[in-house]
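Participant: I am sharing upload_12.tsv, which consists of TSV, C-alpha atoms:
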chain	number	residue	atom	x	y	z
A	173	MET	CA	-9.78	-21.63	-89.73
A	174	GLU	CA	-8.58	-25.21	-90.13
A	175	ALA	CA	-5.83	-24.63	-87.55
A	176	ILE	CA	-8.30	-23.10	-85.09
A	177	ARG	CA	-10.68	-26.03	-85.52
A	178	ALA	CA	-7.85	-28.52	-84.98
A	179	LEU	CA	-6.77	-26.66	-81.85
A	180	GLY	CA	-10.35	-26.72	-80.57
A	181	GLU	CA	-10.65	-30.45	-81.20
A	182	GLN	CA	-7.39	-31.08	-79.33
A	183	THR	CA	-8.36	-28.82	-76.43
A	184	PHE	CA	-11.76	-30.49	-75.89
A	185	ALA	CA	-10.87	-34.00	-77.09
A	186	SER	CA	-12.03	-35.81	-73.94
A	187	LEU	CA	-15.55	-34.41	-74.21
A	188	LYS	CA	-16.12	-36.71	-77.20
A	189	ILE	CA	-16.18	-39.59	-74.70
A	190	ARG	CA	-19.76	-40.04	-73.47
A	191	ASN	CA	-19.01	-41.13	-69.89
A	192	TYR	CA	-16.54	-38.31	-69.35
A	193	ARG	CA	-18.97	-35.83	-70.87
A	194	LEU	CA	-21.65	-36.88	-68.37
A	195	TYR	CA	-19.15	-36.69	-65.52
A	196	PHE	CA	-17.98	-33.27	-66.71
A	197	ILE	CA	-21.54	-31.92	-66.57
A	198	GLY	CA	-22.37	-33.43	-63.19
A	199	ILE	CA	-19.14	-32.53	-61.44
A	200	GLY	CA	-19.49	-28.99	-62.81
A	201	PHE	CA	-22.56	-28.45	-60.64
A	202	SER	CA	-20.67	-29.87	-57.67
A	203	HIS	CA	-17.68	-27.57	-58.18
A	204	VAL	CA	-19.94	-24.50	-58.18
A	205	GLY	CA	-21.71	-25.69	-55.03
A	206	THR	CA	-18.41	-26.45	-53.31
A	207	TRP	CA	-17.05	-22.96	-53.94
A	208	MET	CA	-20.29	-21.41	-52.73
A	209	GLN	CA	-19.94	-23.40	-49.52
A	210	THR	CA	-16.23	-22.54	-49.23
A	211	VAL	CA	-16.96	-18.82	-49.24
A	212	ALA	CA	-19.98	-19.17	-46.96
A	213	LEU	CA	-18.20	-21.37	-44.42
A	214	GLY	CA	-15.17	-19.10	-44.21
A	215	TRP	CA	-17.37	-16.06	-43.74
A	216	LEU	CA	-19.54	-17.90	-41.20
A	217	VAL	CA	-16.49	-18.60	-39.01
A	218	LEU	CA	-15.40	-14.96	-39.21
A	219	GLU	CA	-18.91	-13.83	-38.27
A	220	LEU	CA	-19.04	-16.23	-35.33
A	221	THR	CA	-15.52	-15.56	-34.02
A	222	GLY	CA	-13.75	-12.78	-35.96
A	223	SER	CA	-10.59	-14.87	-35.63
A	224	GLY	CA	-8.20	-15.82	-38.41
A	225	THR	CA	-6.62	-18.43	-36.14
A	226	LEU	CA	-9.98	-20.14	-35.60
A	227	LEU	CA	-10.66	-19.96	-39.34
A	228	GLY	CA	-7.40	-21.82	-39.86
A	229	ALA	CA	-8.40	-24.30	-37.14
A	230	MET	CA	-11.68	-25.02	-38.95
A	231	LEU	CA	-9.74	-25.78	-42.14
A	232	ALA	CA	-7.41	-27.99	-40.13
A	233	PHE	CA	-10.41	-30.05	-39.01
A	234	ARG	CA	-11.65	-30.12	-42.61
A	235	PHE	CA	-8.42	-31.59	-43.97
A	236	ALA	CA	-7.12	-33.60	-40.99
A	237	PRO	CA	-8.65	-36.88	-42.22
A	238	LEU	CA	-6.81	-36.49	-45.54
A	239	LEU	CA	-3.50	-36.09	-43.72
A	240	PHE	CA	-3.91	-39.04	-41.37
A	241	GLY	CA	-6.22	-41.30	-43.37
A	242	GLY	CA	-5.30	-40.61	-46.98
A	243	ILE	CA	-3.31	-43.81	-47.45
A	244	PHE	CA	-6.27	-45.88	-46.18
A	245	GLY	CA	-8.55	-44.10	-48.65
A	246	GLY	CA	-6.18	-45.05	-51.44
A	247	MET	CA	-6.33	-48.72	-50.45
A	248	ILE	CA	-10.14	-48.59	-50.56
A	249	VAL	CA	-10.08	-46.97	-53.99
A	250	ASP	CA	-7.69	-49.62	-55.34
A	251	ARG	CA	-9.90	-52.44	-54.06
A	252	PHE	CA	-13.47	-51.34	-54.86
A	253	ASP	CA	-15.50	-50.10	-57.81
A	254	LYS	CA	-14.80	-46.38	-58.13
A	255	ARG	CA	-18.25	-45.40	-59.39
A	256	LEU	CA	-19.88	-47.17	-56.42
A	257	LEU	CA	-17.52	-45.35	-54.06
A	258	LEU	CA	-18.49	-42.03	-55.65
A	259	TYR	CA	-22.20	-42.80	-55.14
A	260	THR	CA	-21.43	-43.26	-51.45
A	261	THR	CA	-19.19	-40.23	-50.90
A	262	GLN	CA	-21.37	-37.84	-52.90
A	263	SER	CA	-24.48	-38.96	-51.00
A	264	ALA	CA	-22.75	-38.48	-47.65
A	265	SER	CA	-21.57	-35.01	-48.66
A	266	ALA	CA	-25.08	-34.04	-49.76
A	267	VAL	CA	-26.48	-35.02	-46.35
A	268	LEU	CA	-23.76	-33.04	-44.52
A	269	ALA	CA	-24.40	-29.90	-46.59
A	270	LEU	CA	-28.13	-30.20	-45.95
A	271	VAL	CA	-27.52	-30.50	-42.18
A	272	LEU	CA	-25.23	-27.46	-42.33
A	273	SER	CA	-27.86	-25.37	-44.08
A	274	ALA	CA	-30.56	-26.40	-41.56
A	275	LEU	CA	-28.39	-25.54	-38.54
A	276	VAL	CA	-27.60	-22.08	-39.91
A	277	PHE	CA	-31.21	-21.46	-40.99
A	278	PHE	CA	-32.59	-22.21	-37.52
A	279	GLY	CA	-29.82	-20.23	-35.77
A	280	ALA	CA	-28.51	-23.30	-33.95
A	281	MET	CA	-24.96	-23.22	-35.29
A	282	GLU	CA	-22.08	-23.17	-32.80
A	283	MET	CA	-18.36	-23.43	-33.49
A	284	TRP	CA	-18.06	-27.01	-32.20
A	285	MET	CA	-20.70	-27.97	-34.78
A	286	VAL	CA	-18.70	-26.25	-37.53
A	287	TYR	CA	-15.62	-28.24	-36.49
A	288	LEU	CA	-17.55	-31.53	-36.41
A	289	ILE	CA	-19.16	-31.05	-39.83
A	290	ALA	CA	-15.85	-29.94	-41.31
A	291	LEU	CA	-14.28	-33.13	-39.92
A	292	LEU	CA	-17.03	-35.30	-41.42
A	293	PHE	CA	-16.59	-33.65	-44.82
A	294	GLY	CA	-12.91	-34.52	-44.47
A	295	PHE	CA	-13.69	-38.20	-43.89
A	296	ALA	CA	-15.78	-38.26	-47.07
A	297	ASP	CA	-12.90	-36.64	-48.94
A	298	VAL	CA	-10.47	-39.38	-47.87
A	299	VAL	CA	-12.15	-41.69	-50.38
A	300	ASP	CA	-13.82	-39.18	-52.69
A	301	ARG	CA	-10.72	-37.31	-53.90
A	302	PRO	CA	-8.60	-40.31	-54.99
A	303	ALA	CA	-11.73	-42.00	-56.36
A	304	ARG	CA	-12.49	-39.01	-58.56
A	305	ALA	CA	-8.88	-38.68	-59.69
A	306	THR	CA	-8.53	-42.32	-60.71
A	307	PHE	CA	-12.05	-42.52	-62.14
A	308	ILE	CA	-11.00	-39.94	-64.75
A	309	HIS	CA	-8.40	-42.45	-65.93
A	310	GLU	CA	-11.09	-45.15	-66.14
A	311	MET	CA	-13.37	-42.92	-68.20
A	312	VAL	CA	-10.86	-41.69	-70.79
A	313	GLY	CA	-7.86	-44.07	-70.71
A	314	PRO	CA	-4.18	-43.05	-70.75
A	315	ASP	CA	-4.22	-41.38	-74.19
A	316	ASN	CA	-6.69	-38.70	-73.12
A	317	LEU	CA	-5.66	-38.42	-69.49
A	318	ARG	CA	-3.77	-35.13	-69.66
A	319	ASN	CA	-6.57	-33.49	-71.64
A	320	ALA	CA	-9.25	-34.76	-69.25
A	321	VAL	CA	-7.30	-33.69	-66.13
A	322	ALA	CA	-6.76	-30.23	-67.62
A	323	LEU	CA	-10.42	-29.87	-68.62
A	324	ASN	CA	-11.48	-30.98	-65.17
A	325	SER	CA	-9.19	-28.35	-63.62
A	326	THR	CA	-10.55	-25.76	-66.04
A	327	GLU	CA	-14.11	-26.58	-65.08
A	328	ALA	CA	-13.26	-26.49	-61.38
A	329	ASN	CA	-11.81	-23.05	-61.84
A	330	ILE	CA	-14.72	-21.77	-63.88
A	331	ALA	CA	-16.65	-22.75	-60.77
A	332	ARG	CA	-14.05	-20.86	-58.68
A	333	THR	CA	-14.93	-17.81	-60.77
A	334	PHE	CA	-18.72	-18.04	-60.54
A	335	GLY	CA	-19.26	-19.95	-57.30
A	336	PRO	CA	-17.86	-17.19	-55.06
A	337	LEU	CA	-19.81	-14.56	-57.01
A	338	PHE	CA	-23.05	-16.51	-56.52
A	339	ALA	CA	-22.16	-16.94	-52.86
A	340	GLY	CA	-21.49	-13.23	-52.44
A	341	VAL	CA	-24.87	-12.39	-53.95
A	342	LEU	CA	-26.72	-14.95	-51.82
A	343	ILE	CA	-24.96	-13.93	-48.59
A	344	ALA	CA	-25.76	-10.27	-49.23
A	345	SER	CA	-29.39	-10.92	-50.24
A	346	VAL	CA	-30.91	-13.97	-48.55
A	347	GLY	CA	-28.17	-15.23	-46.23
A	348	ILE	CA	-25.47	-17.87	-45.84
A	349	THR	CA	-27.98	-20.74	-45.46
A	350	PHE	CA	-28.77	-20.97	-49.16
A	351	CYS	CA	-25.12	-21.41	-50.13
A	352	PHE	CA	-25.05	-24.65	-48.15
A	353	LEU	CA	-28.39	-25.74	-49.61
A	354	ALA	CA	-27.12	-25.13	-53.14
A	355	ASN	CA	-24.10	-27.31	-52.40
A	356	ALA	CA	-26.34	-30.14	-51.17
A	357	LEU	CA	-28.30	-30.04	-54.44
A	358	SER	CA	-25.08	-30.02	-56.47
A	359	PHE	CA	-24.06	-33.40	-55.04
A	360	VAL	CA	-27.42	-34.82	-56.14
A	361	ALA	CA	-26.62	-33.69	-59.69
A	362	VAL	CA	-23.36	-35.70	-59.64
A	363	ILE	CA	-25.22	-38.84	-58.51
A	364	ILE	CA	-27.74	-38.49	-61.35
A	365	PHE	CA	-25.05	-38.18	-64.02
A	366	LEU	CA	-23.04	-41.08	-62.56
A	367	ALA	CA	-26.16	-43.23	-62.93
A	368	LEU	CA	-26.41	-42.34	-66.63
A	369	MET	CA	-22.95	-43.69	-67.48
A	370	ARG	CA	-22.32	-46.90	-69.45
A	371	GLU	CA	-20.34	-49.46	-67.49
A	372	SER	CA	-19.15	-51.20	-70.66
A	373	GLU	CA	-17.30	-48.08	-71.85
A	374	LEU	CA	-15.08	-47.70	-68.78
A	375	HIS	CA	-11.35	-48.54	-69.07
A	376	ARG	CA	-10.76	-51.08	-66.33
A	377	ASP	CA	-7.16	-51.92	-65.37
A	378	LEU	CA	-6.91	-55.70	-65.20
A	379	SER	CA	-3.68	-55.89	-63.25
A	380	GLU	CA	-2.40	-59.11	-61.76
A	381	GLU	CA	-0.12	-57.29	-59.30
A	382	ARG	CA	-2.26	-57.52	-56.17
A	383	LYS	CA	0.22	-59.16	-53.80
A	384	VAL	CA	1.60	-55.86	-52.44
A	385	ASP	CA	-1.42	-54.72	-50.47
A	386	THR	CA	-0.42	-53.40	-47.06
A	387	VAL	CA	-1.06	-49.98	-45.56
A	388	LEU	CA	2.56	-48.94	-46.13
A	389	SER	CA	2.81	-50.32	-49.66
A	390	GLY	CA	1.73	-46.99	-51.16
A	391	LEU	CA	4.44	-45.13	-49.25
A	392	HIS	CA	7.08	-47.68	-50.22
A	393	TYR	CA	6.03	-47.52	-53.85
A	394	VAL	CA	6.11	-43.70	-53.97
A	395	ALA	CA	9.52	-43.65	-52.29
A	396	SER	CA	10.86	-46.00	-54.97
A	397	VAL	CA	9.77	-43.88	-57.96
A	398	PRO	CA	11.85	-40.65	-58.17
A	399	LEU	CA	9.44	-38.67	-60.35
A	400	ILE	CA	6.42	-39.37	-58.16
A	401	ARG	CA	8.38	-38.88	-54.93
A	402	THR	CA	9.75	-35.50	-55.98
A	403	ILE	CA	6.44	-34.11	-57.22
A	404	LEU	CA	4.57	-35.25	-54.11
A	405	LEU	CA	7.18	-33.76	-51.75
A	406	SER	CA	7.09	-30.47	-53.68
A	407	MET	CA	3.28	-30.40	-53.61
A	408	ALA	CA	3.30	-31.14	-49.88
A	409	VAL	CA	5.36	-27.98	-49.24
A	410	ILE	CA	3.05	-26.01	-51.52
A	411	GLY	CA	-0.02	-27.54	-49.87
A	412	ILE	CA	1.17	-26.66	-46.37
A	413	LEU	CA	2.05	-23.02	-46.99
A	414	SER	CA	0.98	-21.86	-50.46
A	415	TYR	CA	-2.53	-23.29	-50.90
A	416	GLU	CA	-3.95	-21.67	-47.78
A	417	PHE	CA	-6.03	-19.15	-49.74
A	418	GLN	CA	-9.16	-20.01	-47.73
A	419	THR	CA	-7.33	-18.62	-44.70
A	420	SER	CA	-5.22	-15.79	-46.13
A	421	LEU	CA	-7.65	-14.25	-48.64
A	422	PRO	CA	-10.58	-13.63	-46.23
A	423	LEU	CA	-8.11	-11.90	-43.89
A	424	LEU	CA	-6.60	-9.91	-46.77
A	425	ALA	CA	-10.05	-8.73	-47.86
A	426	ARG	CA	-11.35	-7.99	-44.38
A	427	THR	CA	-8.27	-6.74	-42.49
A	428	THR	CA	-5.93	-5.27	-45.09
A	429	PHE	CA	-8.45	-3.80	-47.52
A	430	LEU	CA	-11.32	-3.33	-45.01
A	431	GLY	CA	-13.73	-5.12	-47.35
A	432	GLY	CA	-16.56	-7.60	-47.05
A	433	ALA	CA	-17.63	-11.00	-48.36
A	434	ALA	CA	-17.99	-9.63	-51.90
A	435	ASP	CA	-14.35	-8.51	-51.90
A	436	TYR	CA	-13.19	-11.94	-50.72
A	437	ALA	CA	-15.35	-13.46	-53.47
A	438	ALA	CA	-13.72	-11.13	-56.02
A	439	LEU	CA	-10.23	-12.36	-55.07
A	440	LEU	CA	-11.32	-15.99	-55.42
A	441	SER	CA	-13.15	-15.29	-58.68
A	442	ALA	CA	-10.10	-13.61	-60.19
A	443	MET	CA	-8.02	-16.63	-59.28
A	444	GLY	CA	-10.67	-18.80	-60.89
A	445	ALA	CA	-10.62	-16.78	-64.11
A	446	GLY	CA	-6.86	-17.15	-64.38
A	447	SER	CA	-7.17	-20.85	-63.65
A	448	VAL	CA	-9.62	-21.30	-66.52
A	449	ALA	CA	-7.09	-19.77	-68.91
A	450	GLY	CA	-4.36	-21.99	-67.46
A	451	GLY	CA	-6.48	-25.11	-67.81
A	452	LEU	CA	-7.35	-24.42	-71.44
A	453	PHE	CA	-3.69	-23.72	-72.17
A	454	ILE	CA	-2.62	-27.07	-70.68
A	455	ALA	CA	-5.48	-28.95	-72.39
A	456	SER	CA	-4.32	-27.72	-75.81
A	457	ARG	CA	-0.80	-29.16	-75.41
A	458	LYS	CA	0.20	-32.64	-76.57
A	459	ASN	CA	3.50	-33.23	-74.75
A	460	ILE	CA	4.25	-33.08	-71.04
A	461	GLY	CA	7.63	-32.97	-69.34
A	462	ALA	CA	8.99	-32.82	-65.82
A	463	HIS	CA	10.59	-29.45	-66.59
A	464	GLU	CA	7.13	-27.91	-67.04
A	465	PHE	CA	6.20	-28.68	-63.44
A	466	VAL	CA	9.31	-26.84	-62.25
A	467	VAL	CA	8.58	-23.75	-64.35
A	468	TRP	CA	4.91	-23.52	-63.35
A	469	ALA	CA	5.64	-24.01	-59.64
A	470	PHE	CA	8.27	-21.25	-59.72
A	471	LEU	CA	5.97	-18.79	-61.49
A	472	PHE	CA	3.14	-19.71	-59.12
A	473	GLY	CA	5.30	-18.69	-56.17
A	474	VAL	CA	6.41	-15.44	-57.82
A	475	SER	CA	2.80	-14.47	-58.62
A	476	ILE	CA	1.73	-15.01	-54.99
A	477	CYS	CA	4.55	-12.78	-53.75
A	478	VAL	CA	3.53	-10.07	-56.22
A	479	THR	CA	-0.09	-10.30	-55.01
A	480	ALA	CA	1.04	-9.87	-51.40
A	481	LEU	CA	2.74	-6.59	-52.34
A	482	MET	CA	-0.22	-5.04	-54.17
A	483	PRO	CA	-1.23	-1.70	-52.57
A	484	SER	CA	-4.94	-1.85	-53.43
A	485	LEU	CA	-7.74	-4.40	-53.65
A	486	GLY	CA	-8.15	-3.83	-57.37
A	487	LEU	CA	-4.50	-4.58	-58.09
A	488	ALA	CA	-4.58	-7.61	-55.79
A	489	VAL	CA	-7.60	-8.94	-57.69
A	490	SER	CA	-5.72	-8.45	-60.97
A	491	ALA	CA	-2.64	-10.24	-59.62
A	492	MET	CA	-4.78	-13.20	-58.49
A	493	ILE	CA	-5.53	-13.90	-62.16
A	494	PHE	CA	-1.87	-14.85	-62.63
A	495	VAL	CA	-1.89	-16.86	-59.40
A	496	GLY	CA	-4.80	-18.86	-60.79
A	497	PHE	CA	-3.16	-19.40	-64.18
A	498	PHE	CA	0.07	-20.77	-62.75
A	499	SER	CA	-1.73	-22.75	-60.04
A	500	THR	CA	-3.67	-24.74	-62.63
A	501	THR	CA	-0.78	-25.27	-65.04
A	502	MET	CA	1.32	-26.52	-62.11
A	503	SER	CA	-1.28	-28.82	-60.54
A	504	SER	CA	-2.55	-30.24	-63.84
A	505	THR	CA	0.99	-31.02	-64.97
A	506	GLY	CA	1.90	-32.61	-61.65
A	507	ASN	CA	-1.33	-34.63	-61.50
A	508	THR	CA	-0.85	-36.01	-65.02
A	509	LEU	CA	2.83	-36.86	-64.51
A	510	VAL	CA	2.05	-38.72	-61.30
A	511	GLN	CA	-0.81	-40.73	-62.82
A	512	LEU	CA	1.11	-41.65	-65.97
A	513	GLU	CA	4.10	-42.78	-63.94
A	514	SER	CA	1.99	-44.88	-61.51
A	515	ALA	CA	1.46	-48.62	-61.87
A	516	PRO	CA	-2.29	-49.33	-62.36
A	517	HIS	CA	-2.64	-51.38	-59.17
A	518	MET	CA	-1.09	-48.55	-57.12
A	519	ARG	CA	-2.79	-45.57	-58.74
A	520	GLY	CA	-5.47	-45.16	-56.06
A	521	ARG	CA	-2.88	-45.05	-53.28
A	522	VAL	CA	-0.64	-42.69	-55.21
A	523	MET	CA	-3.52	-40.31	-55.87
A	524	SER	CA	-4.59	-40.50	-52.24
A	525	LEU	CA	-1.08	-39.32	-51.34
A	526	TRP	CA	-1.47	-36.58	-53.96
A	527	SER	CA	-4.65	-35.46	-52.12
A	528	THR	CA	-2.84	-35.71	-48.80
A	529	ALA	CA	0.02	-33.56	-50.07
A	530	LEU	CA	-2.28	-30.97	-51.58
A	531	PHE	CA	-5.15	-30.83	-49.09
A	532	GLY	CA	-4.32	-32.91	-46.01
A	533	SER	CA	-1.31	-30.72	-45.36
A	534	THR	CA	-3.76	-27.89	-44.60
A	535	LEU	CA	-3.97	-29.33	-41.09
A	536	VAL	CA	-0.41	-28.12	-40.56
A	537	GLY	CA	-0.46	-24.95	-42.64
A	538	ALA	CA	-3.87	-23.36	-42.08
A	539	PRO	CA	-3.53	-22.61	-38.33
A	540	PHE	CA	-0.02	-21.23	-38.89
A	541	ILE	CA	-1.06	-19.02	-41.83
A	542	GLY	CA	-4.16	-17.92	-39.92
A	543	PHE	CA	-2.02	-17.00	-36.89
A	544	VAL	CA	0.43	-15.01	-39.03
A	545	GLY	CA	-2.42	-13.29	-40.85
A	546	GLU	CA	-4.19	-12.34	-37.64
A	547	TYR	CA	-1.25	-11.28	-35.45
A	548	ALA	CA	1.32	-10.11	-38.01
A	549	SER	CA	-0.07	-9.31	-41.44
A	550	PRO	CA	-2.25	-10.99	-44.10
A	551	ARG	CA	0.31	-9.79	-46.64
A	552	LEU	CA	3.05	-11.68	-44.82
A	553	ALA	CA	0.87	-14.79	-44.57
A	554	LEU	CA	0.34	-14.71	-48.34
A	555	ALA	CA	4.02	-14.01	-49.08
A	556	ILE	CA	5.14	-16.99	-47.01
A	557	GLY	CA	3.15	-19.19	-49.38
A	558	GLY	CA	4.82	-17.60	-52.38
A	559	VAL	CA	8.31	-18.16	-51.03
A	560	ALA	CA	7.42	-21.77	-50.17
A	561	ALA	CA	6.34	-22.46	-53.76
A	562	ILE	CA	9.58	-20.98	-55.11
A	563	VAL	CA	11.63	-23.17	-52.75
A	564	ALA	CA	9.60	-26.24	-53.81
A	565	ALA	CA	10.25	-25.41	-57.47
A	566	LEU	CA	13.99	-25.15	-56.87
A	567	TYR	CA	13.98	-28.49	-55.06
A	568	ALA	CA	12.04	-30.11	-57.91
A	569	ASN	CA	14.43	-28.59	-60.44
A	570	HIS	CA	17.39	-30.18	-58.66
A	571	GLN	CA	15.71	-33.59	-58.42
A	572	LEU	CA	13.69	-33.94	-61.63
A	573	LEU	CA	16.02	-32.58	-64.23
A	574	LYS	CA	18.65	-35.14	-63.26
A	575	GLY	CA	16.39	-37.75	-64.84
A	576	TYR	CA	14.43	-35.67	-67.35
A	577	LYS	CA	11.37	-37.43	-68.74
A	578	LEU	CA	9.06	-36.38	-71.57
A	579	PHE	CA	5.65	-37.96	-72.02
A	580	ARG	CA	3.97	-37.77	-75.43
A	581	ILE	CA	0.19	-37.75	-75.12
Kindly return the structure encoded in the file as structure tokens.
Facilitator:
Amino acid sequence: MEAIRALGEQTFASLKIRNYRLYFIGIGFSHVGTWMQTVALGWLVLELTGSGTLLGAMLAFRFAPLLFGGIFGGMIVDRFDKRLLLYTTQSASAVLALVLSALVFFGAMEMWMVYLIALLFGFADVVDRPARATFIHEMVGPDNLRNAVALNSTEANIARTFGPLFAGVLIASVGITFCFLANALSFVAVIIFLALMRESELHRDLSEERKVDTVLSGLHYVASVPLIRTILLSMAVIGILSYEFQTSLPLLARTTFLGGAADYAALLSAMGAGSVAGGLFIASRKNIGAHEFVVWAFLFGVSICVTALMPSLGLAVSAMIFVGFFSTTMSSTGNTLVQLESAPHMRGRVMSLWSTALFGSTLVGAPFIGFVGEYASPRLALAIGGVAAIVAALYANHQLLKGYKLFRI
């Protein structure tokens, strides 16, 4: 019993910190709302167009600002108060979700509007994603960073489990509109919990190194640090081809298995369930090494390839549990390594490049995966992502293990 209690205390250590606990609660509502909107928006595009290519194009609009403006977002995050930035981005996202729900409710939605709103969400993300990533460091400090990142990933993937299920129920019962409305309300919850935090308990980095402050300074810094450079390049490959589940899974459910929105939601929920297990596993560990990133990325790719070969929806859903597990262990490990290796005055720009690698790269990958899924096979589209992750793992293995580094948390 004593060992179990100690393990539990280690796994949930960051929740003892009041500010992080408030953030954890608030962002939990937002994660659920985001996944409800993700399912609803993907299904809306398929209802309007029936095209996997156009679904990929919508995602390209959604993540284009992260690809082209991510480095600017990082500069903003490094210069301004992160909590104030989150007030701004969360408020803007709430307004956009509310507009989306109203347009669908009144039957006024057209594809150009979908593209425009997706683009505006992307602009909010340019600042919001690196701000959230670095704000975790401010709330918990370096000693609890790995635990907090893992718990945050776990919570996000609990939302990946339940958000799509809630969305499936709402779409089938009252319509897509209420998924967008729920997301708007979830952003309000984040704002409320941000307001309850204590400023005095945040860990501010008082760095004197402010002289390097150009647009390209983040790129130059990343290029000069082998660990960060290798992980970001690997995640860029994975982001372009492997993390296109919002394009490949709807097509797999609808085209390959002749299913509906509930079947797409089941695939996402299974991935979420596996991700929860992966997040708890990572949160319970004390040490972190570069070799772990290599192992998790390789197994992530293998699990995607296995999913692509599954002959039935039920087996594909089961395989997505493993995809989720290895996705979270890989991303949590990479995220923590990159933050721990970053200089404090560059952390915002580094994490903006992390967001660019992971999400901005969708601009390149989503249309391609959508095209392959529509005109060749959804199975092939999914398998391409698996092979890409394996290749990225092999590249990281070659680069990282030459200068092996172990962090003790």
Participant: Looking at A:Met285, A:Ala568, A:Leu509, A:Ile454, which one is nearest to Met523 of chain A, with distances taken over only C-alpha atoms?
Facilitator: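 Of all the options, A:Leu509 lies closest to Met523 of chain A.
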Participant: Looking at all atoms listed in the file, which of A:Cys477, A:Ile343, A:Ile403, A:Ala491 is the one that sits closest to Ser503 of chain A?
Facilitator: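 Residue with the minimum atom-to-atom distance to Ser503 of chain A: A:Ile403.
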Participant: Suppose you want the space between atom CA of Trp207 of chain A and atom CA of Asp250 of chain A; what is it in Å?
Facilitator: 28.3 Å
Participant: Between A:Ala356, A:Ala229, A:Ala185, A:Val362, which has the minimum distance to Leu258 of chain A (counting only C-alpha atoms)?
Facilitator: A:Val362
Participant: Go ahead and compute the interatomic distance for atom CA of Ile243 of chain A and atom CA of Leu292 of chain A, in Å to one decimal.
Facilitator: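 Value for the atom CA of Ile243 of chain A-atom CA of Leu292 of chain A distance: 17.2 Å.
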Participant: From the set A:Ser389, A:Gln262, A:Ser441, A:Ser396, which residue has the shortest atom-to-atom contact distance to Ala361 of chain A, counting all atoms listed in the file?
Facilitator: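 So, comparing all the options, the nearest one is A:Gln262.
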Participant: Provide the atom CA of Arg370 of chain A to atom CA of Asn191 of chain A distance in Å, to one decimal place.
Facilitator: 6.7 Å
Participant: Sorted by chain and rising residue number, which residues of segment 224-267 of chain A lie within 12 Å of segment 550-559 of chain A, and what are their closest atom pairs and distances in Å to one decimal, counting all atoms listed in the file, as a Markdown table?
Facilitator:
| residue | atom | partner | partner_atom | distance |
| --- | --- | --- | --- | --- |
| A:Gly224 | CA | A:Pro550 | CA | 9.5 |
| A:Thr225 | CA | A:Pro550 | CA | 11.7 |
| A:Gly228 | CA | A:Ala553 | CA | 11.8 |
Participant: Emit the selected residues as a PDB file, keeping the file's coordinate frame, including C-alpha atoms.
Facilitator:
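What follows is the written file out.pdb:
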ATOM      1  CA  GLY A 224      -8.200 -15.820 -38.410  1.00  0.00           C
ATOM      2  CA  THR A 225      -6.620 -18.430 -36.140  1.00  0.00           C
ATOM      3  CA  GLY A 228      -7.400 -21.820 -39.860  1.00  0.00           C
TER       4      GLY A 228
END
Participant: From the set A:Ser372, A:Thr333, A:Gln571, A:Thr402, which residue has the shortest atom-to-atom contact distance to Ala438 of chain A, counting all atoms listed in the file?
Facilitator: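 Using all atoms listed in the file, Ala438 of chain A sits closest to A:Thr333.
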Participant: Find the residue from A:Ala303, A:Ser527, A:Val448, A:Leu421 that sits nearest to Pro237 of chain A; use all atoms listed in the file when measuring.
Facilitator: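 Checking each candidate against Pro237 of chain A, we get A:Ser527 as the closest.
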Participant: Once you count only C-alpha atoms, which residues end up no further than 9 Å from (-26.3, -22.2, -43.4) in the file's frame, shown as a PyMOL selection string?
Facilitator: chain A and resi 209+212-213+216+269-279+281+347-353
